Structure formats: C-alpha cells, structure tokens
>>> print(open('entry22.tsv').read())   # TSV, C-alpha atoms and all ligand atoms
chain	number	residue	atom	x	y	z
A	129	MET	CA	0.00	0.00	0.00
A	130	GLN	CA	1.37	3.41	-0.87
A	131	GLU	CA	1.56	6.25	1.62
A	132	PRO	CA	-1.89	7.61	2.44
A	133	LEU	CA	-2.66	10.66	0.40
A	134	ALA	CA	-4.39	13.69	1.78
A	135	LEU	CA	-7.35	14.61	-0.33
A	136	ASN	CA	-5.79	17.74	-1.76
A	137	ARG	CA	-2.75	15.69	-2.81
A	138	LEU	CA	-5.14	13.23	-4.38
A	139	ALA	CA	-6.63	16.11	-6.34
A	140	ARG	CA	-3.21	16.98	-7.73
A	141	PHE	CA	-2.59	13.32	-8.47
A	142	PHE	CA	-5.80	13.20	-10.50
A	143	MET	CA	-4.88	16.23	-12.53
A	144	SER	CA	-1.43	14.89	-13.34
A	145	GLN	CA	-2.49	11.30	-14.08
A	146	ALA	CA	-5.70	11.83	-15.94
A	147	GLY	CA	-4.64	14.90	-17.91
A	148	GLY	CA	-7.20	17.29	-19.32
A	149	ASP	CA	-9.33	14.84	-21.23
A	150	GLY	CA	-8.17	11.41	-20.13
A	151	GLY	CA	-5.50	11.23	-22.82
A	152	HIS	CA	-5.73	10.09	-26.40
A	153	SER	CA	-5.93	6.34	-26.07
A	154	GLN	CA	-9.09	4.51	-27.12
A	155	LYS	CA	-9.75	3.35	-23.63
A	156	PRO	CA	-11.11	5.73	-20.97
A	157	PHE	CA	-9.17	6.49	-17.79
A	158	ILE	CA	-10.82	4.32	-15.15
A	159	ALA	CA	-10.72	4.85	-11.37
A	160	PHE	CA	-12.31	2.27	-9.09
A	161	VAL	CA	-13.47	3.92	-5.86
A	162	LEU	CA	-13.57	1.49	-2.95
A	163	GLY	CA	-14.16	1.68	0.78
A	164	GLY	CA	-16.55	0.27	3.34
A	165	PRO	CA	-20.23	1.14	3.44
A	166	GLY	CA	-20.56	4.74	4.60
A	167	SER	CA	-16.87	5.57	4.05
A	168	GLY	CA	-17.80	8.47	1.77
A	169	LYS	CA	-17.37	7.00	-1.72
A	170	GLY	CA	-20.51	8.56	-3.18
A	171	THR	CA	-19.94	11.94	-1.52
A	172	GLN	CA	-16.36	12.25	-2.77
A	173	CYS	CA	-17.16	10.89	-6.24
A	174	THR	CA	-19.73	13.64	-6.73
A	175	LYS	CA	-17.03	16.21	-5.97
A	176	ILE	CA	-14.34	14.53	-8.08
A	177	ALA	CA	-16.79	14.28	-11.00
A	178	SER	CA	-17.64	17.96	-10.90
A	179	ASP	CA	-14.09	19.19	-10.17
A	180	PHE	CA	-12.24	16.97	-12.65
A	181	GLY	CA	-14.79	16.18	-15.35
A	182	PHE	CA	-15.22	12.49	-14.58
A	183	ALA	CA	-18.37	10.50	-15.28
A	184	HIS	CA	-19.59	9.05	-11.97
A	185	LEU	CA	-20.98	5.55	-12.28
A	186	SER	CA	-22.22	4.17	-8.96
A	187	ALA	CA	-22.70	0.40	-9.09
A	188	GLY	CA	-25.19	0.61	-6.21
A	189	ASP	CA	-27.23	3.30	-8.02
A	190	LEU	CA	-27.27	1.24	-11.23
A	191	LEU	CA	-28.57	-1.74	-9.27
A	192	ARG	CA	-31.21	0.42	-7.54
A	193	HIS	CA	-32.35	1.74	-10.96
A	194	GLU	CA	-32.79	-1.84	-12.09
A	195	ILE	CA	-34.94	-2.50	-9.00
A	196	ALA	CA	-36.99	0.63	-9.72
A	197	SER	CA	-37.60	-0.55	-13.30
A	198	GLY	CA	-39.71	-3.39	-11.90
A	199	SER	CA	-37.88	-6.06	-13.89
A	200	GLU	CA	-37.57	-9.67	-12.74
A	201	LYS	CA	-33.83	-9.11	-12.37
A	202	GLY	CA	-34.70	-6.16	-10.10
A	203	GLU	CA	-36.57	-8.45	-7.70
A	204	LEU	CA	-33.52	-10.69	-7.37
A	205	ILE	CA	-31.27	-7.67	-6.82
A	206	LEU	CA	-33.57	-6.29	-4.11
A	207	ASP	CA	-33.47	-9.58	-2.18
A	208	ILE	CA	-29.67	-9.59	-2.31
A	209	ILE	CA	-29.25	-5.92	-1.30
A	210	LYS	CA	-31.62	-6.35	1.66
A	211	GLU	CA	-29.30	-9.05	2.95
A	212	GLY	CA	-26.10	-7.11	2.25
A	213	ARG	CA	-24.86	-9.78	-0.15
A	214	ILE	CA	-23.21	-9.27	-3.52
A	215	VAL	CA	-25.22	-9.31	-6.74
A	216	PRO	CA	-23.98	-11.83	-9.37
A	217	SER	CA	-21.08	-10.37	-11.33
A	218	GLU	CA	-22.63	-10.76	-14.76
A	219	ILE	CA	-25.59	-8.52	-13.77
A	220	THR	CA	-23.46	-5.73	-12.30
A	221	VAL	CA	-20.74	-5.83	-14.95
A	222	GLU	CA	-23.34	-5.65	-17.71
A	223	LEU	CA	-24.99	-2.59	-16.09
A	224	ILE	CA	-21.59	-0.89	-15.73
A	225	ARG	CA	-20.50	-1.80	-19.26
A	226	LYS	CA	-23.71	-0.33	-20.71
A	227	ALA	CA	-23.43	2.82	-18.58
A	228	MET	CA	-19.82	3.33	-19.70
A	229	GLU	CA	-20.86	2.92	-23.33
A	230	MET	CA	-23.78	5.35	-22.93
A	231	SER	CA	-21.71	8.00	-21.17
A	232	ASN	CA	-18.92	7.76	-23.73
A	233	ALA	CA	-16.75	9.54	-21.15
A	234	ARG	CA	-12.95	9.76	-21.33
A	235	LYS	CA	-12.60	9.62	-17.54
A	236	VAL	CA	-14.76	7.38	-15.42
A	237	LEU	CA	-15.18	6.85	-11.67
A	238	ILE	CA	-16.64	3.46	-10.85
A	239	ASP	CA	-18.02	3.85	-7.34
A	240	GLY	CA	-18.49	0.80	-5.11
A	241	PHE	CA	-17.28	-1.85	-7.53
A	242	PRO	CA	-15.66	-4.43	-7.67
A	243	ARG	CA	-17.06	-5.77	-4.41
A	244	CYS	CA	-15.18	-9.10	-4.54
A	245	GLU	CA	-12.48	-10.89	-6.51
A	246	GLU	CA	-15.09	-12.56	-8.70
A	247	ASN	CA	-16.50	-9.10	-9.62
A	248	ARG	CA	-12.99	-7.89	-10.45
A	249	ILE	CA	-12.19	-10.88	-12.67
A	250	ALA	CA	-15.55	-10.62	-14.48
A	251	PHE	CA	-15.02	-6.89	-15.16
A	252	GLU	CA	-11.53	-7.42	-16.51
A	253	ARG	CA	-12.75	-10.25	-18.72
A	254	ILE	CA	-15.95	-8.64	-20.05
A	255	VAL	CA	-14.83	-5.00	-20.34
A	256	GLY	CA	-11.33	-6.12	-21.29
A	257	THR	CA	-9.39	-3.65	-19.20
A	258	GLU	CA	-8.01	-2.93	-15.73
A	259	PRO	CA	-8.52	0.29	-13.76
A	260	ASP	CA	-5.80	2.93	-14.01
A	261	ILE	CA	-6.06	3.65	-10.31
A	262	VAL	CA	-8.00	2.49	-7.28
A	263	ILE	CA	-8.93	4.98	-4.58
A	264	PHE	CA	-9.51	3.41	-1.20
A	265	PHE	CA	-11.32	5.24	1.59
A	266	ASP	CA	-10.00	3.71	4.81
A	267	CYS	CA	-12.60	4.79	7.34
A	268	PRO	CA	-13.01	3.53	10.92
A	269	GLU	CA	-15.90	1.11	11.35
A	270	ASP	CA	-17.66	3.05	14.13
A	271	GLU	CA	-17.64	6.16	11.93
A	272	MET	CA	-19.11	4.20	9.00
A	273	VAL	CA	-21.92	2.79	11.16
A	274	LYS	CA	-22.75	6.25	12.52
A	275	ARG	CA	-22.93	7.73	9.04
A	276	LEU	CA	-25.03	4.90	7.60
A	277	LEU	CA	-27.56	5.14	10.41
A	278	GLY	CA	-27.79	8.89	9.75
A	279	ARG	CA	-27.89	8.72	5.94
A	280	ASN	CA	-31.68	9.08	5.78
A	281	GLN	CA	-32.13	8.14	2.13
A	282	GLY	CA	-34.76	5.52	2.86
A	283	ARG	CA	-32.46	2.69	1.80
A	284	VAL	CA	-33.55	-0.87	2.59
A	285	ASP	CA	-30.00	-1.74	3.69
A	286	ASP	CA	-29.28	1.18	6.07
A	287	ASN	CA	-30.45	-0.64	9.19
A	288	ILE	CA	-28.20	-2.08	11.87
A	289	GLU	CA	-28.80	-5.77	10.99
A	290	THR	CA	-27.93	-5.31	7.32
A	291	ILE	CA	-25.08	-2.90	8.14
A	292	LYS	CA	-23.40	-5.61	10.26
A	293	LYS	CA	-23.65	-8.04	7.33
A	294	ARG	CA	-22.32	-5.46	4.87
A	295	LEU	CA	-19.31	-4.78	7.09
A	296	LYS	CA	-18.51	-8.51	7.24
A	297	VAL	CA	-18.84	-8.82	3.47
A	298	PHE	CA	-16.59	-5.77	3.06
A	299	GLU	CA	-13.84	-7.25	5.27
A	300	SER	CA	-13.94	-10.74	3.86
A	301	LEU	CA	-14.61	-10.10	0.15
A	302	ASN	CA	-13.82	-6.47	-0.73
A	303	ILE	CA	-10.53	-6.00	1.13
A	304	PRO	CA	-8.92	-8.80	-0.96
A	305	VAL	CA	-9.64	-6.68	-4.06
A	306	VAL	CA	-7.86	-3.71	-2.47
A	307	ASP	CA	-4.95	-6.02	-1.57
A	308	TYR	CA	-4.79	-7.33	-5.12
A	309	TYR	CA	-4.50	-3.84	-6.61
A	310	SER	CA	-2.11	-2.73	-3.85
A	311	LEU	CA	0.32	-5.41	-4.94
A	312	ARG	CA	0.04	-4.00	-8.45
A	313	GLY	CA	0.84	-0.48	-7.18
A	314	LYS	CA	-2.56	0.92	-8.16
A	315	VAL	CA	-4.04	1.86	-4.79
A	316	GLN	CA	-4.18	5.43	-3.51
A	317	LYS	CA	-5.35	5.25	0.06
A	318	VAL	CA	-7.18	8.10	1.71
A	319	SER	CA	-6.26	7.54	5.33
A	320	LYS	CA	-8.73	7.30	8.14
A	321	LEU	CA	-7.54	10.70	9.36
A	322	PHE	CA	-8.96	12.29	6.27
A	323	CYS	CA	-12.12	10.21	6.35
A	324	SER	CA	-13.03	11.26	9.83
A	325	ALA	CA	-15.88	13.66	10.23
A	326	HIS	CA	-13.81	15.94	12.49
A	327	LYS	CA	-10.97	16.43	10.04
A	328	TYR	CA	-13.39	16.59	7.15
A	329	GLN	CA	-15.35	19.43	8.65
A	330	ASN	CA	-12.32	21.36	9.84
A	331	ARG	CA	-10.01	20.94	6.91
A	332	THR	CA	-9.41	24.16	5.05
A	333	THR	CA	-6.39	23.33	2.88
A	334	SER	CA	-8.05	21.30	0.15
A	335	VAL	CA	-9.46	23.23	-2.73
A	336	SER	CA	-11.49	20.43	-4.18
A	337	PHE	CA	-12.21	17.54	-1.85
A	338	HIS	CA	-14.19	19.17	0.93
B	401	LIG	N1	-16.26	13.05	5.56
B	401	LIG	C1	-17.52	12.94	6.01
B	401	LIG	N2	-17.83	13.37	7.25
B	401	LIG	C2	-19.08	13.22	7.74
B	401	LIG	N3	-20.11	12.67	7.05
B	401	LIG	C3	-19.85	12.25	5.80
B	401	LIG	C4	-18.56	12.36	5.22
B	401	LIG	N4	-18.60	11.84	3.97
B	401	LIG	C5	-19.86	11.41	3.79
B	401	LIG	N5	-20.61	11.66	4.87
B	401	LIG	C6	-22.04	11.29	5.08
B	401	LIG	O1	-22.04	9.89	5.41
B	401	LIG	C7	-23.08	9.19	4.74
B	401	LIG	C8	-22.48	8.12	3.84
B	401	LIG	O2	-21.74	8.77	2.81
B	401	LIG	P1	-21.72	8.18	1.32
B	401	LIG	O3	-20.95	9.12	0.48
B	401	LIG	O4	-23.11	7.84	0.89
B	401	LIG	O5	-20.85	6.84	1.57
B	401	LIG	P2	-20.70	5.51	0.74
B	401	LIG	O6	-21.08	5.80	-0.68
B	401	LIG	O7	-19.28	5.12	0.89
B	401	LIG	O8	-21.63	4.54	1.40
B	401	LIG	C9	-23.88	10.26	3.98
B	401	LIG	O9	-24.98	10.64	4.77
B	401	LIG	C10	-22.87	11.42	3.82
B	401	LIG	O10	-23.53	12.66	3.78
B	402	LIG	O1	-20.94	-3.84	-7.29
B	402	LIG	C1	-21.84	-3.89	-6.46
B	402	LIG	C2	-22.31	-2.73	-5.78
B	402	LIG	C3	-23.31	-2.88	-4.86
B	402	LIG	N1	-23.88	-4.08	-4.62
B	402	LIG	C4	-24.98	-4.23	-3.67
B	402	LIG	O2	-25.59	-2.98	-3.44
B	402	LIG	C5	-25.49	-2.63	-2.06
B	402	LIG	C6	-25.33	-1.14	-1.92
B	402	LIG	O3	-24.17	-0.72	-2.59
B	402	LIG	P1	-23.69	0.80	-2.54
B	402	LIG	O4	-22.37	0.88	-3.22
B	402	LIG	O5	-24.78	1.68	-3.04
B	402	LIG	O6	-23.53	1.00	-0.98
B	402	LIG	P2	-22.55	1.96	-0.18
B	402	LIG	O7	-21.26	1.21	0.04
B	402	LIG	O8	-22.37	3.17	-1.01
B	402	LIG	O9	-23.25	2.25	1.10
B	402	LIG	C7	-24.32	-3.47	-1.53
B	402	LIG	O10	-24.38	-3.69	-0.13
B	402	LIG	C8	-24.53	-4.77	-2.31
B	402	LIG	O11	-25.59	-5.53	-1.77
B	402	LIG	C9	-23.42	-5.23	-5.26
B	402	LIG	O12	-23.91	-6.33	-5.03
B	402	LIG	N2	-22.43	-5.09	-6.18
B	403	MG	MG	-22.43	4.89	-1.99
>>> encode(input="entry22.tsv", output="structure tokens", more="lines below")
Ligand SMILES: Nc1ncnc2c1ncn2[C@@H]1O[C@H](COP(=O)(O)OP(=O)(O)O)[C@@H](O)[C@H]1O
Ligand SMILES: O=c1ccn([C@@H]2O[C@H](COP(=O)(O)OP(=O)(O)O)[C@@H](O)[C@H]2O)c(=O)[nH]1
Ligand SMILES: [Mg+2]
Amino acid sequence: MQEPLALNRLARFFMSQAGGDGGHSQKPFIAFVLGGPGSGKGTQCTKIASDFGFAHLSAGDLLRHEIASGSEKGELILDIIKEGRIVPSEITVELIRKAMEMSNARKVLIDGFPRCEENRIAFERIVGTEPDIVIFFDCPEDEMVKRLLGRNQGRVDDNIETIKKRLKVFESLNIPVVDYYSLRGKVQKVSKLFCSAHKYQNRTTSVSFH
C-alpha cells in the first residue's frame, strides 16, 4: 500500500495522471473507488466528478435503478441488497458496461465496484481492461456505522442488521480486491484521518475535496 494521500494531494494526483481529457488512447481512464459502506465514496465521487470532469458511475445506483424498473432481475437484486450480499457479477458488470458505453466519457469513476475478486475478474474479462487507479477510503468502522444510520435516504440496507452483514462482506470479500491492486501499485489510500468527520469538517487546505 502506498503512503496515504491527503485529499488535496489526491486532487493533484488526479490532474497529473488523468490529464485534461483522459488522454488520447481509445480506452477511458478508469478509477475504481472502494471503501466500506458509509466511508464516503458517493460523496467524494460527486465532488471529483464535478471538479475533474469524470463521469460518476455508482454500481449501487445502477442496481437500484434496475430494482426501480420493476424487472424480474430487479426483484432478485432487491433480495440480495436487503441481505447485504453481492449481486452476481454478470448482472453488475453488464450494467456498468452499458453505462460506460452510454456515457462515452474519457474519464470514469466506478463507485463501489468491484465488491469481490469474482467481480474484479468478471469486469476485466468482459470489459477487457483494468482500472488505471484504485482509490480506497479507509474509514473507521464506528464512523461508517454512525454515518449509515444517519444517511436518511430511505435505503432498505441502512439498518443495523444489514449494516453488520455489509461490514462482514466488506472485510472478507472487498478487502482482498484492495490487496490485489495494492500489490500492483494501483491503490491510492485516503487515510482514516482524512475520512473522519472531524478532520473533514475542519479541513481548510483542500481546494477540491471538501
Ligand atoms: N467526511 C464525512 N464526514 C461526515 N459525514 C460524511 C462524510 N462523507 C460522507 N458523509 C455522510 O455519510 C453518509 C455516507 O456517505 P456516502 O458518500 O453515501 O458513503 P458511501 O457511498 O461510501 O456509502 C452520507 O450521509 C454522507 O452525507
Ligand atoms: O458492485 C456492487 C455494488 C453494490 N452491490 C450491492 O448494493 C449494495 C449497496 O451498494 P452501494 O455501493 O450503493 O452501498 P454503499 O457502500 O455506497 O453504502 C451493496 O451492499 C450490495 O448488496 C453489489 O452487489 N455489487
Ligand atoms: Mg455509496
């Protein structure tokens, strides 16, 4: 794992790595954004997208749209999300692949995916590429629980029983994905200091990630 980056350093990293338009290659610049439930992935992705011109594709939002569509697949997804389990890779990868195609963006944030090694392998096989970087929000568990219980978005999985299951799934299945990309030198960790509500609210140095 590389040294934890402060968020303003991460901002500079983004500008230098992704360039103005994601470069000239055929393939878009891809950042996977990982972290436990409630670590702040969605919040920070919204800011990164608007500050640095990334498309923000949230795997969880894509799955919730599928539920809202009333499809048969949506019913299966709802049952899985209620239990904090992971939706079959082929469903999620297909939703992400389509969303990437539709957005046609040169720089893409994929928020909350891959959730497990099987997800990662399916993405790399079906989309045919690896991420350029992986941002990992390393947030203390008690802070994540507090935030999830206060999120107030009416989500079926923001209750203490499901939160406990999601945290277990995160530790056992998602951390191995972070470890895999760490070994490949792709992980930029945002340390728990910068995930904490206190620092977050009092930090004045960052221009973009506040
Ligand atoms: N740094 C922070 N300090 C305090 N609260 C935060 C912070 N980042 C996000 N939140 C709040 O915590 C909750 C979870 O954040 P969210 O971005 O949805 O996390 P994730 O997508 O990782 O589950 C939301 O209610 C959000 O407003
Ligand atoms: O690639 C993914 C992303 C999400 N989910 C499911 O959708 C839920 C909510 O995911 P989201 O990323 O929205 O939750 P967050 O971590 O942001 O709270 C997860 O607990 C999983 O059940 C999944 O199965 N695969
Ligand atoms: Mg989220």
>>> axis_aligned_box(input="entry22.tsv", around="stretch 219-233 of chain A", padding_each_side="3 Å", output="lines of an AutoDock Vina configuration file")
center_x = -21.2
center_y = 0.5
center_z = -18.0
size_x = 14.8
size_y = 24.1
size_z = 17.4
>>> atom_distance(input="entry22.tsv", atom1="atom O12 of ligand LIG 402 (chain B)", atom2="atom CA of A:Glu203")
13.1 Å
>>> closest_residue(input="entry22.tsv", among="A:Phe265, A:Phe180, A:Phe251, A:Tyr309", to="ligand LIG 401 (chain B)", atoms="only C-alpha atoms and all ligand atoms")
A:Phe265
>>> closest_residue(input="entry22.tsv", among="A:Asp179, A:Glu246, A:Asp307, A:Asp266", to="A:Val221", atoms="only C-alpha atoms")
A:Glu246
>>> closest_residue(input="entry22.tsv", among="A:Pro216, A:Gly240, A:Pro259, A:Pro156", to="ligand MG 403 (chain B)", atoms="only C-alpha atoms and all ligand atoms")
A:Gly240
>>> closest_atom_pairs(input="entry22.tsv", of="chain A", to="ligand MG 403 (chain B)", cutoff="8 Å", atoms="only C-alpha atoms and all ligand atoms", output="Markdown table")
| residue | atom | partner | partner_atom | distance |
| --- | --- | --- | --- | --- |
| A:Pro165 | CA | B:MG403 | MG | 7.0 |
| A:Gly166 | CA | B:MG403 | MG | 6.9 |
| A:Gly168 | CA | B:MG403 | MG | 7.0 |
| A:Lys169 | CA | B:MG403 | MG | 5.5 |
| A:Gly170 | CA | B:MG403 | MG | 4.3 |
| A:Thr171 | CA | B:MG403 | MG | 7.5 |
| A:Ser186 | CA | B:MG403 | MG | 7.0 |
| A:Gly188 | CA | B:MG403 | MG | 6.6 |
| A:Asp189 | CA | B:MG403 | MG | 7.9 |
| A:Asp239 | CA | B:MG403 | MG | 7.0 |
| A:Gly240 | CA | B:MG403 | MG | 6.5 |
>>> residues_near_point(input="entry22.tsv", point="(-18.9, 10.7, -6.7)", cutoff="10 Å", atoms="all atoms listed in the file", output="JSON list (two decimals) with C-alpha atoms, in the frame of the given file")
[["chain", "number", "residue", "atom", "x", "y", "z"],
["A", 161, "VAL", "CA", -13.47, 3.92, -5.86],
["A", 168, "GLY", "CA", -17.80, 8.47, 1.77],
["A", 169, "LYS", "CA", -17.37, 7.00, -1.72],
["A", 170, "GLY", "CA", -20.51, 8.56, -3.18],
["A", 171, "THR", "CA", -19.94, 11.94, -1.52],
["A", 172, "GLN", "CA", -16.36, 12.25, -2.77],
["A", 173, "CYS", "CA", -17.16, 10.89, -6.24],
["A", 174, "THR", "CA", -19.73, 13.64, -6.73],
["A", 175, "LYS", "CA", -17.03, 16.21, -5.97],
["A", 176, "ILE", "CA", -14.34, 14.53, -8.08],
["A", 177, "ALA", "CA", -16.79, 14.28, -11.00],
["A", 178, "SER", "CA", -17.64, 17.96, -10.90],
["A", 182, "PHE", "CA", -15.22, 12.49, -14.58],
["A", 183, "ALA", "CA", -18.37, 10.50, -15.28],
["A", 184, "HIS", "CA", -19.59, 9.05, -11.97],
["A", 185, "LEU", "CA", -20.98, 5.55, -12.28],
["A", 186, "SER", "CA", -22.22, 4.17, -8.96],
["A", 237, "LEU", "CA", -15.18, 6.85, -11.67],
["A", 238, "ILE", "CA", -16.64, 3.46, -10.85],
["A", 239, "ASP", "CA", -18.02, 3.85, -7.34]]
>>> residues_near_ligand(input="entry22.tsv", ligand="ligand LIG 402 (chain B)", cutoff="10 Å", atoms="all atoms listed in the file", output="PyMOL selection string")
chain A and resi 161-171+186-192+205-217+219-221+223-224+238-244+247-248+272+275-276+279+283-286+290-291+293-295+297-298
>>> atom_distance(input="entry22.tsv", atom1="atom CA of A:Arg312", atom2="atom CA of A:Phe157")
16.8 Å
>>> closest_residue(input="entry22.tsv", among="A:Ile263, A:Ala233, A:Ala159, A:Val305", to="ligand LIG 401 (chain B)", atoms="only C-alpha atoms and all ligand atoms")
A:Ile263
>>> atom_distance(input="entry22.tsv", atom1="atom O6 of ligand LIG 401 (chain B)", atom2="atom CA of A:Ser197")
21.7 Å
>>> closest_residue(input="entry22.tsv", among="A:Gln281, A:Ser310, A:Gln316, A:Ser231", to="ligand LIG 401 (chain B)", atoms="all atoms listed in the file")
A:Gln281
>>> closest_residue(input="entry22.tsv", among="A:Leu204, A:Leu277, A:Pro268, A:Glu218", to="A:Ala250", atoms="all atoms listed in the file")
A:Glu218
